[in-house]
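Written below as structure tokens is the structure these notes are about.
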Amino acid sequence: MYLPDFEYYAPESVAEACQLLAQFGEKAKVLAGGTDMVVKMKNELLAPEVVVSVKNLEQLKKVEYVAGKGVSVGALCTHNDLVKSDVLKEKFASVANAARQMANNQVRNRGTIAGNIVSAVPSADLPPVLIALNATAKLVGAKGERTLAMEDVFAGPGKTVLANDEVLTEIFIPEQKMTGSNYIKFGLRKSGALAVVGVAVAVQVENGVIKDARVALGAVAATPVRAKKTEEFLKGKKVTDDVLAEAGVIASGECKPISDIRASAEYRTDLVRIFTKRALRKAVDEGHV
Amino acid sequence: MKEYKVIGKSVRRLDAVEKATGTAGFTSDMKLPGMLYGKVLRSPHPHARIVSIDTSEAEKLPGVKAVATHKNTSRELFNTSATMTFTVPPMQPVLDQYIFDNVVRYVGDEVAAVAATSEKIAEAALKLIKVEYELLPTVYDPKEAMTTEAPVIHQCEMKNVPGEVIQIPFGDVEKGFAESDVIVEKEYKLPVVKQAQMETQAAVAQVSLDGKITVWCTTQTPHPTKMILAKLFSVPESKVRVLNPPYIGGGFGVRIGCSAKAEPIAVALSMLAKKPVKVVYSREEDFIASDTRHAGYVSVKLGAKKDGTFHAMHLKATLNGGAYCSFSVETPGVLGCMGLAVYRVPNQFYYGHSAYTNTTPAGAMRGFGNPQAMYAIESTVDMMAEKLGIDPLELRLKNIMQVGDPWVLPYKCGSTGLAECIEKGAKSIGWENRGKLNKPGAKKLRGIGMGVGTHVSNAWPFCGDYDNAYVTIQQDGSVHLASGVPDMGTGTSTTLPQLTAEVVGVSLDRVSMTLADTASTPFDIGSHASRALYAAGTAVVEAARDARRQVLEYAADLFKVAPERLVLEDSVIFPAGQTAGDDCAGSPVCTIGGKERKSITLKELAYDAHQRNKQFIGVGRIVPENAPPWHAHFAEVEVDTELCQVRVLRVAAVHDVGKAIHPVICEGQIEGGVLQGIGYALSEEIKYDDRGRQLENSFHKYMLPTADDVPEIETGLVEAHEPSGPFGAKGVGECGLVPTAPAITNAIYNATGIWFCEIPVTEEKMFRALKEKAGKTV
């Protein structure tokens with residue numbers, strides 16, 4: 001239960017951080033809020049020789065509206081920064097709501113958005129809603145930067161496509177044609193529980209017809225996944241209870257959950273069915289993203 | 001009715017400021033000069049023989065001061081629970097463990113321990129200890145453990161059954177069933193759950209050069225723990241001091257006796273290292289290597305007449321005792337006695353015991369067998385109600401125990417407010433709406449259920465039991481109380497001073513208490529069995545009366561009247577019939593300091609006595625009786641049949657506490673118990689994998705309800721005066737979770753039509769049950 005010895009750096013700029021990461025390569029790990037990483041280090045699941053803390057990168061701790069384009073979320077915002085952000089509440093309340101459902105208040109005070117994404121835990125609460133809203137992730141490395149669709153960041157449980165020298169700096173949520181979005185998490189208690197299933201949806205409804213839909217599922221595959229068949233099914237359909245129910249059935253066929261101490265694969269699959277239906281209904285009825 | 005000045009009022013707790021400001025002392029805060037840190041190497045195997053153990057590399061690590069194994073520590077057999085100090089003859093305590101043994105019997109069992117100058121070094125040293133294991137066959141289920149194929153975990157008269165089978169006959173049960181019109185029979189399966197107290201097991205031991213041992217620790221029973229340690233280390237009890245410093249971060253039964261092995265290991269390491277040693281369990285160690293509640297099987301066969309009169313009941317329990325005995329003999333005893341004590345049933349029989357398995361030892365946990373009994377019994381009573389077509393509430397009112405009824409216990413049913421509890425609770429929950437809450441076709445179904453129960457207010461007759469207390473009037477008339485019971489959060493350090501202040505006749509701010517220290521308090525068996533207020537409180541009242549009597553006798557000499565004529569109120573002594581300071585002519589006067597006075601303060605009197613070389617020292621020495629608290633719980637649940645999830649919307653919990661000495665503390669105890677009961681019913685469980693490893697070993701994985709999960713809890717207090725209790729009080733602490741689980745499962749049945757005979761009713765279980773039900777109806 002004690003941290004192993006490691007070298008510690010706290011760079012003052014993203015460029016400096018990338019340089020350090022390039023220099024130390026696989027020996028180094030980036031430390032943000034530490035709610036996942038420090039626990040893993042104490043439990044001997046992780047023993048980086050070099051820890052690069054990004055805590056001094058103040059410029060990555062802002063939520064800003066870029067007129068006509070969308071909302072930029074600094075990767076080092078904590079979950080509670082998102083919960084409390086007036087910009088998000090106004091523009092993308094579903095993201096603030098998803099952030100509120102993560103872990104417990106103590107962890108939300110400390111855990112960052114970057115950590116929630118880069119840890120690549122399949123049950124993480126933010127990725128599904130960000131995927132549903134077509135958000136992008138900006139990765140800055142020693143040799144330059146690139147922008148990826150959120151769903152392309154993940155490579156497997158605990159794995160992302162980030163190179164050793166890359167840092168996630170920003171999440172960008174674009175202005176939407178979507179008229180509603182929603183994330184529903186199912187945990188075994190109201191607080192301090194991992195998602196057994198998390199379903200995020202975004203829909204564009206006009207005159208009772210679904211023009212566009214995005215559905216993303218958490219905790220039911222190795223990474224957060226899009227339910228593309230479900231999306232295709234929904235496009236052009238009239239909003240009826242039967243259609244939404246049918247969408248749930250299709251989504252439940254698109255996930256590949258495992259059985260663990262929290263729930264069986266069979267139950268998780270069924271929960272995807274229910275939650276897809278409920279999240280769609282909520283997104284349609286509430287009428288805001 | 002007498003108007004009380006201090007008791008019956010929810011005064012500010014005397015530990016409130018210290019605890020709210022973080023300055024209250026706990027074992028985990030302790031630091032002594034030169035203190036070392038102890039860490040424990042635990043078995044990764046559920047059952048194995050240690051073929052060899054090599055500690056040489058660990059000993060060489062700089063900073064390591066001692067390494068303890070079965071080779072260099074006490075070979076005295078013992079039992080970490082206090083049962084080894086107060087088992088009543090002819091029963092004998094089961095002594096089945098060493099500090100370290102050459103056989104390990106569960107994952108987490110102690111193999112060795114290291115004392116080092118830092119925790120980090122101690123942990124590093126553990127990794128340098130080389131242990132070679134020979135794996136042995138395993139068994140995890142108590143029923144399987146009793147079969148001929150199962151491995152022997154400890155040699156017992158009956159295969160793997162510690163101690164003896166508890167059998168309680170009452171009337172003629174066979175005849176009773178033959179005469180019954182309706183019989184319901186069911187078996188229930190119960191989970192392993194954990195106390196999950198805030199402060200993990202901890203001890204700091206200091207062994208002086210002249211052989212005196214001092215141990216600051218988290219025990220609920222300092223005096224019995226002193227006896228255990230004295231025996232284990234072969235030192236006179238007079239040379240062992242055990243104390244809390246002075247608080248404990250919760251207990252719920254997990255440290256009645258030693259705090260798992262924190263004390264023995266700290267002492268053993270301190271003896272080897274000749275320095276003070278601190279041992280604090282990690283949460284994972286606390287989960288896997290300190291007593292759990294007993295899991296297992298309870299079956300109930302209930303027979304009734306057509307009119308609903310219960311006529312026969314057979315209760316049977318096979319509990320999972322885990323790898324060592326702890327309280328595995330007493331728990332099935334309490335389970336049976338409490339199970340048979342709630343209803344008037346003329347023909348009853350109980351047969352119960354535990355069985356050893358290769359799992360974490362099971363011991364005491366809030367309710368001590370009673371929640372297991374009442375989940376099974378109260379479920380069966382609801383099944384019976386349905387079969388008879390009688391309202392479950394009416395069926396209970398018809399059959400509950402009444403004052404003076406014969407029952408299986410060796411003390412009287414001296415009071416019961418259960419009928420009032422039921423009536424109040426029913427009103428609070430809206431029982432009349434039961435069955436009318438759901439519209440046809442609704443996918444979220446509501447239901448209301450109830451459960452009732454009783455408990456003890458003390459540990460006798462399940463173990464030996466007595467209490468002592470000192471109440472000493474200080475030279476300035478303030479009052480010092482010394483009692484050996486700890487305050488594990490239950491408010492003992494407030495309520496016992498309340499009793500003292502009330503009896504002596506002073507305000508509460510004049511009273512101070514020393515608690516839970518074997519060197520400065522007389523023997524007391526400790527805080528458990530809902531007994532601290534009832535039993536230790538009886539000793540405190542006795543001691544306070546004794547001190548007051550001495551004060552009044554002394555004052556009587558000064559007033560030249562009989563002591564009975566004098567009153568001591570608000571720290572002033574005056575003759576009865578006149579108010580303090582009243583100058584009415586002809587009343588007796590007291591001559592003190594050469595002046596004549598109509599009244600005298602306790603301060604003046606105590607100092608006068610001091611000048612004449614006298615102190616008033618009240619001694620209370622009592623053997624407590626026992627008394628039944630009663631409780632009725634009602635739960636309203638909502639079952640989301642799509643999500644397969646149960647939410648408890650409301651709980652009404654009404655308790656007959658005898659006399660509420662501090663109503664808010666009573667309510668706090670009840671609310672906490674209700675929440676533990678909700679966890680027991682719906683979410684808490686430690687499961688094992690096929691290699692004997694505990695799957696839930698942290699707060700992250702173990703689904704303890706959080707503050708966010710707390711439903712509306714309406715507590716109610718009923719005060720049925722208990723003649724044997726201090727000011728009529730009875731036990732409260734454990735009762736809150738006794739009837740909670742069945743109130744919830746009965747509500748689930750009311751909502752869904754599904755009986756759950758296995759708890760917790762997790763989402764997964766509901767999912768399977770609803771699927772099965774749908775399959776059947778199709």
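Residue names in the structure tokens use chain letters A, B, ... in the order shown, residue numbers from 1 in each chain, and ligand numbers from 1 in the order shown.
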Applying 12 Å and only C-alpha atoms, which residues near Leu243 (chain B) remain after dropping the ones on its own chain fewer than 4 positions away? List them as a PyMOL selection string.
chain B and resi 25-27+202-205+213-226+247-248+258+263+483-487+514-521+526
Could you find all residues in region 530-593 of chain B that DSSP calls strand (DSSP E) from the backbone, and write them as a tab-separated table (two decimals) with all heavy atoms, in the first residue's frame?
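This went into states_9.tsv:
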```tsv
chain	number	residue	atom	x	y	z
B	566	LEU	N	-32.98	14.22	53.71
B	566	LEU	CA	-32.23	15.19	52.92
B	566	LEU	C	-32.40	14.97	51.41
B	566	LEU	O	-32.61	13.86	50.94
B	566	LEU	CB	-30.74	15.10	53.26
B	566	LEU	CG	-30.36	15.60	54.66
B	566	LEU	CD1	-28.89	15.32	54.95
B	566	LEU	CD2	-30.68	17.09	54.82
B	567	VAL	N	-32.31	16.08	50.71
B	567	VAL	CA	-32.40	16.05	49.25
B	567	VAL	C	-31.08	16.56	48.68
B	567	VAL	O	-30.47	17.48	49.25
B	567	VAL	CB	-33.54	16.99	48.76
B	567	VAL	CG1	-33.60	17.04	47.23
B	567	VAL	CG2	-34.88	16.54	49.34
B	568	LEU	N	-30.63	15.93	47.58
B	568	LEU	CA	-29.46	16.45	46.86
B	568	LEU	C	-29.92	16.73	45.44
B	568	LEU	O	-30.29	15.82	44.69
B	568	LEU	CB	-28.33	15.42	46.88
B	568	LEU	CG	-27.12	15.62	45.95
B	568	LEU	CD1	-26.56	17.02	46.00
B	568	LEU	CD2	-26.03	14.61	46.30
B	569	GLU	N	-29.96	17.98	45.08
B	569	GLU	CA	-30.52	18.39	43.79
B	569	GLU	C	-29.69	19.54	43.25
B	569	GLU	O	-29.39	20.49	43.99
B	569	GLU	CB	-31.96	18.86	44.01
B	569	GLU	CG	-32.93	18.47	42.91
B	569	GLU	CD	-34.36	18.88	43.30
B	569	GLU	OE1	-34.69	20.07	43.18
B	569	GLU	OE2	-35.10	18.01	43.76
B	572	VAL	N	-26.96	20.85	45.35
B	572	VAL	CA	-27.25	21.48	46.64
B	572	VAL	C	-27.97	20.47	47.53
B	572	VAL	O	-28.83	19.73	47.08
B	572	VAL	CB	-28.14	22.74	46.46
B	572	VAL	CG1	-28.44	23.39	47.82
B	572	VAL	CG2	-27.46	23.74	45.53
B	573	ILE	N	-27.57	20.46	48.83
B	573	ILE	CA	-28.17	19.53	49.78
B	573	ILE	C	-29.01	20.34	50.76
B	573	ILE	O	-28.55	21.36	51.32
B	573	ILE	CB	-27.08	18.77	50.55
B	573	ILE	CG1	-26.22	17.98	49.55
B	573	ILE	CG2	-27.68	17.83	51.59
B	573	ILE	CD1	-24.77	17.97	49.90
B	574	PHE	N	-30.24	19.88	50.96
B	574	PHE	CA	-31.14	20.59	51.87
B	574	PHE	C	-32.21	19.62	52.36
B	574	PHE	O	-32.45	18.59	51.74
B	574	PHE	CB	-31.77	21.80	51.17
B	574	PHE	CG	-32.48	21.46	49.88
B	574	PHE	CD1	-33.83	21.13	49.88
B	574	PHE	CD2	-31.77	21.44	48.67
B	574	PHE	CE1	-34.47	20.79	48.70
B	574	PHE	CE2	-32.42	21.09	47.49
B	574	PHE	CZ	-33.77	20.77	47.50
B	575	PRO	N	-32.84	19.95	53.47
B	575	PRO	CA	-33.86	19.04	53.98
B	575	PRO	C	-35.10	19.02	53.09
B	575	PRO	O	-35.45	20.05	52.50
B	575	PRO	CB	-34.22	19.65	55.36
B	575	PRO	CG	-33.08	20.56	55.68
B	575	PRO	CD	-32.58	21.08	54.39
B	590	CYS	N	-27.71	23.37	59.09
B	590	CYS	CA	-26.46	22.64	59.00
B	590	CYS	C	-25.38	23.57	59.53
B	590	CYS	O	-25.34	24.75	59.21
B	590	CYS	CB	-26.24	22.31	57.53
B	590	CYS	SG	-24.54	22.12	57.07
B	591	THR	N	-24.53	23.06	60.35
B	591	THR	CA	-23.44	23.88	60.86
B	591	THR	C	-22.16	23.51	60.12
B	591	THR	O	-21.72	22.36	60.15
B	591	THR	CB	-23.25	23.66	62.37
B	591	THR	OG1	-24.52	23.82	62.99
B	591	THR	CG2	-22.26	24.64	62.94
B	592	ILE	N	-21.66	24.45	59.40
B	592	ILE	CA	-20.46	24.18	58.63
B	592	ILE	C	-19.59	25.43	58.64
B	592	ILE	O	-20.10	26.55	58.50
B	592	ILE	CB	-20.81	23.71	57.20
B	592	ILE	CG1	-19.57	23.17	56.49
B	592	ILE	CG2	-21.47	24.79	56.38
B	592	ILE	CD1	-19.90	22.36	55.24
```
Restrict the calculation to only C-alpha atoms, then for each residue of region 90-183 of chain A with any atom at most 9 Å from an atom of region 220-244 of chain A give the closest atom pair and their distance in Å to one decimal, rows by chain and rising residue number, as a tab-separated table.
```
residue	atom	partner	partner_atom	distance
A:Ala120	CA	A:Thr223	CA	7.2
A:Val121	CA	A:Thr223	CA	7.5
A:Pro122	CA	A:Thr223	CA	4.9
A:Ser123	CA	A:Pro224	CA	7.7
A:Ala124	CA	A:Pro224	CA	8.2
A:Pro127	CA	A:Pro224	CA	6.7
A:Pro128	CA	A:Pro224	CA	6.2
A:Ile131	CA	A:Arg226	CA	7.7
A:Ala132	CA	A:Arg226	CA	8.0
A:Glu151	CA	A:Val225	CA	7.2
A:Phe154	CA	A:Thr223	CA	6.2
A:Ala155	CA	A:Thr223	CA	6.9
A:Gly156	CA	A:Ala222	CA	5.2
A:Pro157	CA	A:Ala222	CA	5.3
A:Gly158	CA	A:Thr223	CA	8.7
A:Lys159	CA	A:Thr223	CA	8.8
```
Export N, CA, C and O atoms of the chosen residues as a PDB file, in the first residue's frame?
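Output (selection.pdb):
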```pdb
ATOM      1  N   ALA A 120      -8.909   4.657 -19.838  1.00  0.00           N
ATOM      2  CA  ALA A 120      -9.579   3.733 -20.752  1.00  0.00           C
ATOM      3  C   ALA A 120     -10.252   2.566 -20.038  1.00  0.00           C
ATOM      4  O   ALA A 120     -10.241   1.426 -20.489  1.00  0.00           O
ATOM      5  N   VAL A 121     -10.843   2.894 -18.891  1.00  0.00           N
ATOM      6  CA  VAL A 121     -11.628   1.875 -18.188  1.00  0.00           C
ATOM      7  C   VAL A 121     -12.934   1.703 -18.971  1.00  0.00           C
ATOM      8  O   VAL A 121     -13.589   2.701 -19.282  1.00  0.00           O
ATOM      9  N   PRO A 122     -13.303   0.487 -19.324  1.00  0.00           N
ATOM     10  CA  PRO A 122     -14.494   0.317 -20.172  1.00  0.00           C
ATOM     11  C   PRO A 122     -15.761   0.915 -19.576  1.00  0.00           C
ATOM     12  O   PRO A 122     -16.671   1.287 -20.310  1.00  0.00           O
ATOM     13  N   SER A 123     -15.804   1.027 -18.235  1.00  0.00           N
ATOM     14  CA  SER A 123     -17.027   1.528 -17.596  1.00  0.00           C
ATOM     15  C   SER A 123     -16.988   3.031 -17.341  1.00  0.00           C
ATOM     16  O   SER A 123     -17.879   3.560 -16.685  1.00  0.00           O
ATOM     17  N   ALA A 124     -15.979   3.738 -17.836  1.00  0.00           N
ATOM     18  CA  ALA A 124     -15.880   5.183 -17.579  1.00  0.00           C
ATOM     19  C   ALA A 124     -17.146   5.899 -18.030  1.00  0.00           C
ATOM     20  O   ALA A 124     -17.757   5.538 -19.035  1.00  0.00           O
ATOM     21  N   PRO A 127     -16.816   8.957 -21.603  1.00  0.00           N
ATOM     22  CA  PRO A 127     -16.673   8.645 -23.028  1.00  0.00           C
ATOM     23  C   PRO A 127     -17.979   8.397 -23.780  1.00  0.00           C
ATOM     24  O   PRO A 127     -18.145   8.948 -24.880  1.00  0.00           O
ATOM     25  N   PRO A 128     -18.939   7.638 -23.227  1.00  0.00           N
ATOM     26  CA  PRO A 128     -20.134   7.402 -24.050  1.00  0.00           C
ATOM     27  C   PRO A 128     -20.843   8.691 -24.473  1.00  0.00           C
ATOM     28  O   PRO A 128     -21.185   8.854 -25.650  1.00  0.00           O
ATOM     29  N   ILE A 131     -18.836  10.532 -27.042  1.00  0.00           N
ATOM     30  CA  ILE A 131     -18.926   9.869 -28.347  1.00  0.00           C
ATOM     31  C   ILE A 131     -20.273  10.191 -28.997  1.00  0.00           C
ATOM     32  O   ILE A 131     -20.348  10.520 -30.182  1.00  0.00           O
ATOM     33  N   ALA A 132     -21.324  10.136 -28.197  1.00  0.00           N
ATOM     34  CA  ALA A 132     -22.655  10.415 -28.744  1.00  0.00           C
ATOM     35  C   ALA A 132     -22.740  11.835 -29.292  1.00  0.00           C
ATOM     36  O   ALA A 132     -23.455  12.099 -30.248  1.00  0.00           O
ATOM     37  N   GLU A 151     -14.275   8.346 -30.140  1.00  0.00           N
ATOM     38  CA  GLU A 151     -14.360   6.880 -30.165  1.00  0.00           C
ATOM     39  C   GLU A 151     -13.093   6.221 -30.693  1.00  0.00           C
ATOM     40  O   GLU A 151     -12.866   5.035 -30.463  1.00  0.00           O
ATOM     41  N   PHE A 154      -9.765   4.977 -28.017  1.00  0.00           N
ATOM     42  CA  PHE A 154      -9.633   3.769 -27.198  1.00  0.00           C
ATOM     43  C   PHE A 154      -9.163   2.561 -28.007  1.00  0.00           C
ATOM     44  O   PHE A 154      -9.597   2.351 -29.129  1.00  0.00           O
ATOM     45  N   ALA A 155      -8.271   1.766 -27.381  1.00  0.00           N
ATOM     46  CA  ALA A 155      -7.740   0.599 -28.082  1.00  0.00           C
ATOM     47  C   ALA A 155      -8.063  -0.706 -27.361  1.00  0.00           C
ATOM     48  O   ALA A 155      -7.905  -1.787 -27.922  1.00  0.00           O
ATOM     49  N   GLY A 156      -8.522  -0.624 -26.147  1.00  0.00           N
ATOM     50  CA  GLY A 156      -8.833  -1.839 -25.380  1.00  0.00           C
ATOM     51  C   GLY A 156      -8.918  -1.466 -23.913  1.00  0.00           C
ATOM     52  O   GLY A 156      -8.701  -0.304 -23.563  1.00  0.00           O
ATOM     53  N   PRO A 157      -9.208  -2.439 -23.047  1.00  0.00           N
ATOM     54  CA  PRO A 157      -9.300  -2.108 -21.619  1.00  0.00           C
ATOM     55  C   PRO A 157      -7.957  -1.545 -21.134  1.00  0.00           C
ATOM     56  O   PRO A 157      -6.928  -2.202 -21.252  1.00  0.00           O
ATOM     57  N   GLY A 158      -7.975  -0.335 -20.640  1.00  0.00           N
ATOM     58  CA  GLY A 158      -6.751   0.298 -20.152  1.00  0.00           C
ATOM     59  C   GLY A 158      -5.813   0.757 -21.250  1.00  0.00           C
ATOM     60  O   GLY A 158      -4.700   1.186 -20.972  1.00  0.00           O
ATOM     61  N   LYS A 159      -6.241   0.659 -22.497  1.00  0.00           N
ATOM     62  CA  LYS A 159      -5.351   1.027 -23.608  1.00  0.00           C
ATOM     63  C   LYS A 159      -5.965   2.106 -24.496  1.00  0.00           C
ATOM     64  O   LYS A 159      -7.130   2.039 -24.854  1.00  0.00           O
TER      65      LYS A 159
END
```
Determine which residues of chain A sit within 10 Å of chain B, taking into account only C-alpha atoms, and present them as a list in words.
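The selection requested is Met1, Tyr2, Leu3, Pro4, Ala103, Asn104, Phe186, Leu188, Arg189, Lys190, Ser191, Gly192, Ala193, Leu194, Ile261, Arg262, Ala263, Ser264, Glu266, Tyr267, Arg268, Asp270, Leu271, Val272, Arg273, Ile274 and Phe275 of chain A.
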Which residues are close to Val129 (chain A), i.e. within 12 Å by only C-alpha atoms, leaving aside same-chain residues fewer than 3 positions away? Reply as a ChimeraX atom specification.
/A:92-99,101,117,124-126,132-136,150-151,173,180-185,198-203,214-218,224-226,279,283,289
Using only C-alpha atoms, determine which residues lie at most 7 Å from Glu284 (chain B), disregarding the query and same-chain residues fewer than 3 positions distant; provide the list as a ChimeraX atom specification.
/B:287-288,697-698
Those selected residues, please, written with N, CA and C atoms and delivered as an mmCIF file, in the first residue's frame.
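After the write, part.cif holds the following:
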```cif
data_model
loop_
_atom_site.group_PDB
_atom_site.id
_atom_site.type_symbol
_atom_site.label_atom_id
_atom_site.label_comp_id
_atom_site.auth_asym_id
_atom_site.auth_seq_id
_atom_site.Cartn_x
_atom_site.Cartn_y
_atom_site.Cartn_z
ATOM 1 N N PHE B 287 -11.214 -6.631 5.791
ATOM 2 C CA PHE B 287 -12.248 -7.390 5.078
ATOM 3 C C PHE B 287 -11.973 -8.887 5.103
ATOM 4 N N ILE B 288 -10.728 -9.274 4.812
ATOM 5 C CA ILE B 288 -10.497 -10.704 4.616
ATOM 6 C C ILE B 288 -10.044 -11.424 5.887
ATOM 7 N N ASN B 697 -13.367 -7.237 -1.291
ATOM 8 C CA ASN B 697 -12.388 -7.003 -0.227
ATOM 9 C C ASN B 697 -12.054 -5.524 -0.073
ATOM 10 N N SER B 698 -12.956 -4.664 -0.522
ATOM 11 C CA SER B 698 -12.743 -3.223 -0.387
ATOM 12 C C SER B 698 -14.098 -2.535 -0.410
#
```
Would you mind listing what lies within 8 Å of Val506 (chain B) as a ChimeraX atom specification, with only C-alpha atoms counted and same-chain residues fewer than 3 positions away left out?
/B:501-502,510-511,569-571
State, in Å with one decimal place, the distance from CA of Gln550 (chain B) to CA of Ile661 (chain B).
25.3 Å
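Using only C-alpha atoms, the shortest contact distance between Gly679 (chain B) and any of B:Val646, B:Leu269, B:Ala426, B:Leu229 is found at B:Val646.
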